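Data block for my_file15.csv (CSV, C-alpha atoms):
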```
chain,number,residue,atom,x,y,z
A,197,MET,CA,-10.0,-42.5,-12.8
A,198,GLU,CA,-10.7,-46.1,-11.9
A,199,ALA,CA,-9.7,-47.5,-15.3
A,200,GLN,CA,-6.5,-45.4,-15.4
A,201,ASP,CA,-5.5,-46.5,-11.9
A,202,GLY,CA,-6.3,-50.2,-12.7
A,203,THR,CA,-4.1,-50.0,-15.9
A,204,GLN,CA,-1.3,-48.5,-13.9
A,205,GLN,CA,-1.4,-51.1,-11.3
A,206,GLN,CA,-1.5,-53.9,-13.9
A,207,HIS,CA,1.6,-52.5,-15.7
A,208,ILE,CA,3.5,-52.1,-12.4
A,209,ALA,CA,2.6,-55.6,-11.4
A,210,LEU,CA,3.7,-57.0,-14.7
A,211,ALA,CA,7.0,-55.1,-14.5
A,212,HIS,CA,7.6,-56.5,-11.0
A,213,LYS,CA,6.9,-60.1,-12.3
A,214,LEU,CA,9.4,-59.6,-15.2
A,215,PHE,CA,12.0,-58.4,-12.7
A,216,LEU,CA,11.5,-61.5,-10.5
A,217,LEU,CA,11.5,-63.8,-13.5
A,218,THR,CA,15.0,-62.8,-14.5
A,219,HIS,CA,16.4,-62.5,-10.9
A,220,PRO,CA,18.9,-65.2,-9.9
A,221,ASP,CA,17.7,-65.4,-6.3
A,222,VAL,CA,14.1,-66.5,-7.3
A,223,ASP,CA,13.8,-70.3,-7.2
A,224,ASP,CA,12.8,-72.3,-10.3
A,225,ILE,CA,9.4,-73.4,-9.0
A,226,GLU,CA,8.4,-69.8,-8.4
A,227,LYS,CA,9.7,-68.8,-11.9
A,228,VAL,CA,7.4,-71.4,-13.4
A,229,ARG,CA,4.4,-69.7,-11.9
A,230,LEU,CA,5.7,-66.2,-12.8
A,231,ARG,CA,6.3,-67.3,-16.4
A,232,ASP,CA,2.7,-68.5,-16.7
A,233,GLU,CA,1.4,-65.2,-15.3
A,234,VAL,CA,3.6,-63.1,-17.5
A,235,LEU,CA,2.5,-65.1,-20.6
A,236,ASP,CA,-1.1,-64.8,-19.7
A,237,ALA,CA,-0.8,-61.0,-19.2
A,238,VAL,CA,1.1,-60.6,-22.5
A,239,LYS,CA,-1.5,-62.5,-24.5
A,240,THR,CA,-4.4,-60.8,-22.8
A,241,ARG,CA,-3.1,-57.3,-23.7
A,242,ASP,CA,-1.7,-58.3,-27.1
A,243,MET,CA,1.8,-57.2,-26.2
A,244,ALA,CA,3.3,-58.6,-29.3
A,245,SER,CA,6.6,-56.6,-29.2
A,246,LEU,CA,7.2,-57.6,-25.6
A,247,TYR,CA,6.4,-61.2,-26.4
A,248,GLU,CA,9.0,-61.2,-29.2
A,249,SER,CA,11.7,-59.6,-27.1
A,250,LEU,CA,11.1,-62.1,-24.2
A,251,ALA,CA,11.2,-65.0,-26.6
A,252,VAL,CA,14.5,-63.7,-28.0
A,253,ALA,CA,15.8,-63.5,-24.4
A,254,SER,CA,14.6,-67.1,-23.8
A,255,VAL,CA,12.3,-65.9,-21.0
A,256,LEU,CA,9.3,-67.2,-22.9
A,257,GLU,CA,9.0,-69.8,-25.6
A,258,MET,CA,8.1,-68.4,-29.0
A,259,ASP,CA,4.7,-69.6,-30.5
A,260,THR,CA,4.3,-68.1,-33.9
A,261,ALA,CA,0.6,-68.9,-33.9
A,262,VAL,CA,0.1,-66.9,-30.7
A,263,LEU,CA,2.2,-64.0,-32.1
A,264,ASP,CA,0.2,-64.0,-35.4
A,265,ARG,CA,-3.1,-63.8,-33.5
A,266,MET,CA,-1.9,-60.9,-31.4
A,267,ARG,CA,-0.7,-59.0,-34.5
A,268,LYS,CA,-4.0,-59.6,-36.2
A,269,ARG,CA,-6.0,-58.3,-33.2
A,270,ILE,CA,-3.7,-55.3,-33.1
A,271,GLU,CA,-4.2,-54.6,-36.8
A,272,ASP,CA,-8.0,-54.9,-36.5
A,273,GLU,CA,-8.3,-52.7,-33.3
A,274,LEU,CA,-6.0,-50.1,-34.7
A,275,LYS,CA,-8.2,-49.8,-37.8
A,276,THR,CA,-11.2,-49.4,-35.6
A,277,LEU,CA,-9.6,-46.7,-33.6
A,278,ASP,CA,-8.4,-44.8,-36.7
A,279,ASP,CA,-12.0,-45.0,-38.1
A,280,LYS,CA,-13.3,-43.5,-34.9
A,281,ILE,CA,-10.8,-40.7,-35.0
A,282,ALA,CA,-11.7,-39.9,-38.6
A,283,ASP,CA,-15.5,-40.0,-37.8
A,284,ALA,CA,-15.0,-37.7,-34.8
A,285,GLU,CA,-12.9,-35.2,-36.8
A,286,GLU,CA,-15.5,-35.1,-39.6
A,287,ASN,CA,-18.8,-35.3,-37.7
A,288,LEU,CA,-18.2,-34.5,-34.0
A,289,GLY,CA,-16.8,-31.9,-31.7
A,290,GLU,CA,-13.3,-31.2,-30.2
A,291,SER,CA,-14.1,-33.1,-27.1
A,292,GLU,CA,-15.0,-36.3,-29.0
A,293,VAL,CA,-11.9,-35.9,-31.2
A,294,ARG,CA,-9.7,-35.7,-28.1
A,295,GLU,CA,-11.3,-38.8,-26.6
A,296,ALA,CA,-10.8,-40.7,-29.8
A,297,HIS,CA,-7.1,-39.8,-29.8
A,298,LEU,CA,-6.9,-40.7,-26.1
A,299,ALA,CA,-8.3,-44.1,-26.8
A,300,LYS,CA,-5.6,-44.7,-29.3
A,301,SER,CA,-3.0,-43.6,-26.8
A,302,LEU,CA,-4.3,-46.1,-24.2
A,303,PHE,CA,-4.3,-48.8,-26.8
A,304,PHE,CA,-0.6,-48.3,-27.5
A,305,ILE,CA,0.1,-48.3,-23.8
A,306,ARG,CA,-1.8,-51.5,-23.3
A,307,ILE,CA,0.1,-53.3,-26.0
A,308,GLY,CA,3.4,-52.0,-24.8
A,309,ASP,CA,4.4,-50.0,-27.9
A,310,LYS,CA,6.4,-47.3,-26.1
A,311,GLU,CA,7.4,-45.0,-29.0
A,312,LYS,CA,3.9,-45.0,-30.7
A,313,ALA,CA,2.3,-44.4,-27.3
A,314,LEU,CA,4.5,-41.4,-26.6
A,315,GLU,CA,3.8,-40.0,-30.0
A,316,GLN,CA,0.1,-40.5,-29.7
A,317,LEU,CA,0.1,-39.0,-26.2
A,318,LYS,CA,1.7,-35.9,-27.6
A,319,THR,CA,-1.0,-35.7,-30.3
A,320,THR,CA,-3.6,-36.0,-27.6
A,321,GLU,CA,-2.0,-33.3,-25.5
A,322,GLU,CA,-2.2,-30.9,-28.4
A,323,LYS,CA,-6.0,-31.4,-28.3
A,324,THR,CA,-6.2,-31.0,-24.5
A,325,VAL,CA,-7.1,-27.8,-22.8
A,326,ALA,CA,-8.0,-28.7,-19.2
A,327,ALA,CA,-5.0,-28.8,-16.8
A,328,GLY,CA,-6.3,-31.9,-15.0
A,329,GLN,CA,-6.6,-33.8,-18.3
A,330,LYS,CA,-3.0,-32.7,-19.2
A,331,MET,CA,-1.9,-34.1,-15.8
A,332,ASP,CA,-3.5,-37.4,-16.5
A,333,LEU,CA,-1.5,-37.6,-19.8
A,334,VAL,CA,1.7,-37.0,-17.8
A,335,PHE,CA,0.7,-39.9,-15.5
A,336,TYR,CA,0.3,-42.2,-18.5
A,337,THR,CA,3.8,-41.1,-19.6
A,338,LEU,CA,5.1,-41.9,-16.1
A,339,GLN,CA,3.4,-45.3,-16.4
A,340,LEU,CA,5.5,-46.0,-19.6
A,341,GLY,CA,8.6,-44.7,-18.0
A,342,PHE,CA,8.3,-47.0,-15.0
A,343,PHE,CA,7.4,-50.0,-17.1
A,344,TYR,CA,10.6,-49.6,-19.2
A,345,MET,CA,12.7,-48.1,-16.3
A,346,ASP,CA,13.4,-45.1,-18.5
A,347,PHE,CA,14.7,-42.7,-15.8
A,348,ASP,CA,15.2,-39.8,-18.2
A,349,LEU,CA,11.5,-40.0,-19.3
A,350,ILE,CA,10.4,-40.3,-15.7
A,351,SER,CA,12.5,-37.3,-14.5
A,352,LYS,CA,11.3,-35.1,-17.4
A,353,SER,CA,7.7,-36.2,-16.8
A,354,ILE,CA,7.9,-35.4,-13.1
A,355,ASP,CA,9.3,-31.9,-13.9
A,356,LYS,CA,6.6,-31.4,-16.4
A,357,ALA,CA,3.9,-32.3,-13.9
A,358,LYS,CA,5.3,-29.9,-11.3
A,359,ASN,CA,5.3,-27.1,-13.9
A,360,LEU,CA,1.6,-27.9,-14.6
A,361,PHE,CA,0.8,-27.8,-10.9
A,362,GLU,CA,2.2,-24.3,-10.6
A,363,GLY,CA,-1.0,-23.1,-12.3
A,364,GLY,CA,-3.1,-25.0,-9.7
A,365,GLY,CA,-4.2,-28.6,-9.4
A,366,ASP,CA,-6.3,-30.8,-7.3
A,367,TRP,CA,-5.2,-32.6,-4.1
A,368,GLU,CA,-5.6,-36.1,-5.4
A,369,ARG,CA,-3.4,-35.6,-8.5
A,370,LYS,CA,-0.7,-33.8,-6.5
A,371,ASN,CA,-0.5,-36.7,-4.0
A,372,ARG,CA,-0.4,-39.2,-6.8
A,373,LEU,CA,2.6,-37.4,-8.2
A,374,LYS,CA,4.3,-37.6,-4.8
A,375,VAL,CA,4.0,-41.4,-4.9
A,376,TYR,CA,5.4,-41.5,-8.5
A,377,GLU,CA,8.3,-39.3,-7.5
A,378,GLY,CA,8.8,-41.4,-4.4
A,379,LEU,CA,9.2,-44.5,-6.5
A,380,TYR,CA,11.6,-42.7,-8.8
A,381,CYS,CA,13.7,-41.5,-5.8
A,382,MET,CA,13.8,-45.0,-4.4
A,383,SER,CA,14.9,-46.4,-7.7
A,384,THR,CA,17.7,-43.9,-7.9
A,385,ARG,CA,18.6,-44.5,-4.2
A,386,ASN,CA,17.5,-41.1,-2.9
A,387,PHE,CA,16.0,-42.8,0.1
A,388,LYS,CA,15.6,-39.7,2.3
A,389,LYS,CA,13.5,-37.9,-0.3
A,390,ALA,CA,11.6,-41.1,-1.1
A,391,ALA,CA,10.6,-41.5,2.6
A,392,SER,CA,9.4,-37.9,2.9
A,393,LEU,CA,7.3,-38.3,-0.3
A,394,PHE,CA,5.8,-41.7,0.5
A,395,TRP,CA,4.2,-40.7,3.8
A,396,THR,CA,1.2,-38.9,2.2
A,397,GLN,CA,-2.5,-39.4,2.5
A,398,TYR,CA,-2.8,-40.7,-1.0
A,399,ARG,CA,-4.0,-44.3,-1.5
A,400,PRO,CA,-0.8,-46.0,-2.9
A,401,SER,CA,-2.6,-49.3,-3.3
A,402,GLN,CA,-3.8,-47.9,-6.7
A,403,LEU,CA,-0.2,-48.1,-7.8
A,404,MET,CA,1.0,-51.2,-6.0
A,405,ARG,CA,-0.3,-54.1,-3.9
A,406,TYR,CA,-0.2,-53.7,-0.1
A,407,SER,CA,2.3,-56.6,0.0
A,408,LEU,CA,4.7,-54.3,-1.9
A,409,MET,CA,3.6,-51.1,-0.3
A,410,ILE,CA,4.8,-51.8,3.2
A,411,PRO,CA,8.4,-52.7,2.3
A,412,SER,CA,8.5,-49.9,-0.3
A,413,PHE,CA,7.6,-47.4,2.3
A,414,SER,CA,9.6,-48.9,5.2
A,415,ILE,CA,12.9,-49.6,3.4
A,416,PRO,CA,13.6,-46.0,2.3
A,417,SER,CA,12.6,-44.7,5.7
A,418,LEU,CA,15.0,-47.1,7.5
A,419,GLN,CA,17.7,-46.2,5.0
A,420,ALA,CA,17.2,-42.5,5.6
A,421,LEU,CA,17.2,-43.0,9.3
A,422,TYR,CA,20.4,-45.1,9.2
A,423,ARG,CA,22.2,-42.5,7.1
A,424,TRP,CA,21.0,-39.7,9.4
A,425,THR,CA,22.1,-41.6,12.5
A,426,GLU,CA,25.5,-42.5,10.9
A,427,SER,CA,26.1,-38.9,10.0
A,428,HIS,CA,24.9,-37.6,13.4
A,429,LEU,CA,27.2,-40.1,15.3
A,430,ASN,CA,30.2,-39.3,13.1
A,431,LYS,CA,29.7,-35.6,13.8
A,432,ARG,CA,29.5,-36.2,17.5
A,433,LEU,CA,32.5,-38.5,17.4
A,434,TRP,CA,34.6,-35.9,15.5
A,435,MET,CA,33.6,-33.2,18.0
A,436,HIS,CA,34.6,-35.4,20.9
A,437,LEU,CA,38.0,-36.2,19.4
A,438,LYS,CA,38.6,-32.6,18.7
A,439,SER,CA,37.9,-31.7,22.3
A,440,LEU,CA,40.5,-34.2,23.4
A,441,GLN,CA,43.2,-32.6,21.4
```

Serialized structure, structure tokens:
Amino acid sequence: MEAQDGTQQQHIALAHKLFLLTHPDVDDIEKVRLRDEVLDAVKTRDMASLYESLAVASVLEMDTAVLDRMRKRIEDELKTLDDKIADAEENLGESEVREAHLAKSLFFIRIGDKEKALEQLKTTEEKTVAAGQKMDLVFYTLQLGFFYMDFDLISKSIDKAKNLFEGGGDWERKNRLKVYEGLYCMSTRNFKKAASLFWTQYRPSQLMRYSLMIPSFSIPSLQALYRWTESHLNKRLWMHLKSLQ
């Protein structure tokens, strides 16, 4: 699970940097650093589509030579992955076929091709029997959902994960789902539920840095406490005014 967790953390970190890079309250000096870090991450992972979209939005400067190199590496790696799938289907067993398809899914996730990644994850799921492995595929889908802030995809994936857990599931995966759902609830301003989900024994640092973890956990808790206090005081005030009538 280490590779998976590391990939998730990288994607969340990149999404956070992209958010800061386009935020008006971030100063220009900080944006210079963020822009360099984003460009380095995009080139390292061959995220050609994201590079193009960021260049169109004037977030990054377009370098056609860089884009061409990324496209060439994508083409070469995709051919290698397809060859491995063909070899596994012809010469190996079902487990090896699934792993070859999973590798292609992770490749599309790495390069940020959302639609192809979702399509390949579906293909991989069709070749997956174990409940735990199916759950891992849902987590990869959630990773895509959070990177692109696709709330519909996130919501459906959380529901799918809960349905899978009805047939059983290990403690570690269940608690990881709580953190994902907590992030979703915080993004949709359901602070009370986010607070209750965040305070688990799961190691959230696998999804976010500790510098982000503390405010992410504290803010929804304070918001929930404030709303509960406000509601409680309003109720007491109403009862007091009613008694004076």

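Pairwise distance (CA of Ala313 in chain A, CA of Gly289 in chain A) equals 23.2 Å.
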
Env of range 325-331 of chain A: 9 Å cut, atoms = only C-alpha atoms, seq-sep filter 5 positions within chain, self excluded. Answer as a PDB file with C-alpha atoms, in the frame of the given file.
```
ATOM      1  CA  TYR A 336       0.300 -42.200 -18.500  1.00  0.00           C
ATOM      2  CA  LYS A 356       6.600 -31.400 -16.400  1.00  0.00           C
ATOM      3  CA  ALA A 357       3.900 -32.300 -13.900  1.00  0.00           C
ATOM      4  CA  LEU A 360       1.600 -27.900 -14.600  1.00  0.00           C
ATOM      5  CA  PHE A 361       0.800 -27.800 -10.900  1.00  0.00           C
ATOM      6  CA  GLY A 363      -1.000 -23.100 -12.300  1.00  0.00           C
ATOM      7  CA  GLY A 364      -3.100 -25.000  -9.700  1.00  0.00           C
ATOM      8  CA  GLY A 365      -4.200 -28.600  -9.400  1.00  0.00           C
ATOM      9  CA  ASP A 366      -6.300 -30.800  -7.300  1.00  0.00           C
ATOM     10  CA  ARG A 369      -3.400 -35.600  -8.500  1.00  0.00           C
TER      11      ARG A 369
END
```

- Looking at A:Asp346, A:Ala299, A:Glu290, A:Asp355, which one is nearest to Lys323 in chain A, with distances taken over all atoms listed in the file?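 With all atoms listed in the file as the atom set, the closest residue is A:Glu290.
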
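Comparing the minimum interatomic distances between Ile350 in chain A and each of A:Thr319, A:Ser392, A:Thr384, A:Thr260, counting only C-alpha atoms, we find that A:Thr384 sits nearest.
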
- Between CA of Lys370 in chain A and CA of Lys310 in chain A, what is the spacing in Å?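 Atom-to-atom, CA of Lys310 in chain A to CA of Lys370 in chain A, that is 24.8 Å.
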
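CA of His297 in chain A is positioned 24.0 Å from CA of Arg372 in chain A.
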
N, CA and C atoms restored at range 306-336 of chain A, emitted as a CSV table (one decimal), in the coordinates of the input:
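The result, stored in part.csv:
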```csv
chain,number,residue,atom,x,y,z
A,306,ARG,N,-1.4,-50.1,-23.7
A,306,ARG,CA,-1.8,-51.5,-23.3
A,306,ARG,C,-1.0,-52.5,-24.0
A,307,ILE,N,-0.7,-52.3,-25.3
A,307,ILE,CA,0.1,-53.3,-26.0
A,307,ILE,C,1.6,-53.2,-25.8
A,308,GLY,N,2.0,-52.1,-25.1
A,308,GLY,CA,3.4,-52.0,-24.8
A,308,GLY,C,4.3,-51.4,-25.9
A,309,ASP,N,3.6,-50.6,-26.8
A,309,ASP,CA,4.4,-50.0,-27.9
A,309,ASP,C,4.8,-48.6,-27.4
A,310,LYS,N,5.9,-48.5,-26.8
A,310,LYS,CA,6.4,-47.3,-26.1
A,310,LYS,C,6.4,-46.1,-27.0
A,311,GLU,N,7.1,-46.2,-28.1
A,311,GLU,CA,7.4,-45.0,-29.0
A,311,GLU,C,6.1,-44.5,-29.6
A,312,LYS,N,5.2,-45.4,-30.1
A,312,LYS,CA,3.9,-45.0,-30.7
A,312,LYS,C,3.0,-44.4,-29.6
A,313,ALA,N,3.1,-45.0,-28.4
A,313,ALA,CA,2.3,-44.4,-27.3
A,313,ALA,C,2.7,-43.0,-26.9
A,314,LEU,N,4.0,-42.7,-26.9
A,314,LEU,CA,4.5,-41.4,-26.6
A,314,LEU,C,4.1,-40.4,-27.7
A,315,GLU,N,4.2,-40.9,-28.9
A,315,GLU,CA,3.8,-40.0,-30.0
A,315,GLU,C,2.3,-39.7,-30.0
A,316,GLN,N,1.5,-40.7,-29.7
A,316,GLN,CA,0.1,-40.5,-29.7
A,316,GLN,C,-0.4,-39.7,-28.4
A,317,LEU,N,0.3,-39.8,-27.3
A,317,LEU,CA,0.1,-39.0,-26.2
A,317,LEU,C,0.4,-37.5,-26.5
A,318,LYS,N,1.4,-37.3,-27.2
A,318,LYS,CA,1.7,-35.9,-27.6
A,318,LYS,C,0.6,-35.3,-28.5
A,319,THR,N,0.1,-36.1,-29.4
A,319,THR,CA,-1.0,-35.7,-30.3
A,319,THR,C,-2.2,-35.4,-29.4
A,320,THR,N,-2.5,-36.2,-28.5
A,320,THR,CA,-3.6,-36.0,-27.6
A,320,THR,C,-3.5,-34.8,-26.8
A,321,GLU,N,-2.3,-34.5,-26.3
A,321,GLU,CA,-2.0,-33.3,-25.5
A,321,GLU,C,-2.3,-32.1,-26.3
A,322,GLU,N,-2.0,-32.1,-27.6
A,322,GLU,CA,-2.2,-30.9,-28.4
A,322,GLU,C,-3.7,-30.6,-28.5
A,323,LYS,N,-4.5,-31.6,-28.2
A,323,LYS,CA,-6.0,-31.4,-28.3
A,323,LYS,C,-6.6,-31.3,-26.9
A,324,THR,N,-5.8,-31.1,-25.9
A,324,THR,CA,-6.2,-31.0,-24.5
A,324,THR,C,-6.1,-29.6,-24.0
A,325,VAL,N,-7.1,-29.1,-23.3
A,325,VAL,CA,-7.1,-27.8,-22.8
A,325,VAL,C,-7.1,-27.8,-21.2
A,326,ALA,N,-7.9,-28.7,-20.6
A,326,ALA,CA,-8.0,-28.7,-19.2
A,326,ALA,C,-6.7,-29.2,-18.5
A,327,ALA,N,-6.3,-28.5,-17.5
A,327,ALA,CA,-5.0,-28.8,-16.8
A,327,ALA,C,-5.1,-30.2,-16.2
A,328,GLY,N,-6.2,-30.6,-15.6
A,328,GLY,CA,-6.3,-31.9,-15.0
A,328,GLY,C,-6.2,-33.0,-16.0
A,329,GLN,N,-6.7,-32.8,-17.2
A,329,GLN,CA,-6.6,-33.8,-18.3
A,329,GLN,C,-5.1,-33.9,-18.8
A,330,LYS,N,-4.4,-32.7,-18.8
A,330,LYS,CA,-3.0,-32.7,-19.2
A,330,LYS,C,-2.2,-33.5,-18.1
A,331,MET,N,-2.6,-33.3,-16.9
A,331,MET,CA,-1.9,-34.1,-15.8
A,331,MET,C,-2.1,-35.6,-16.0
A,332,ASP,N,-3.3,-36.0,-16.3
A,332,ASP,CA,-3.5,-37.4,-16.5
A,332,ASP,C,-2.6,-38.0,-17.7
A,333,LEU,N,-2.4,-37.2,-18.7
A,333,LEU,CA,-1.5,-37.6,-19.8
A,333,LEU,C,-0.1,-37.8,-19.3
A,334,VAL,N,0.3,-36.9,-18.4
A,334,VAL,CA,1.7,-37.0,-17.8
A,334,VAL,C,1.8,-38.3,-17.0
A,335,PHE,N,0.7,-38.6,-16.3
A,335,PHE,CA,0.7,-39.9,-15.5
A,335,PHE,C,0.8,-41.1,-16.4
A,336,TYR,N,0.1,-41.1,-17.5
A,336,TYR,CA,0.3,-42.2,-18.5
A,336,TYR,C,1.7,-42.3,-19.0
```
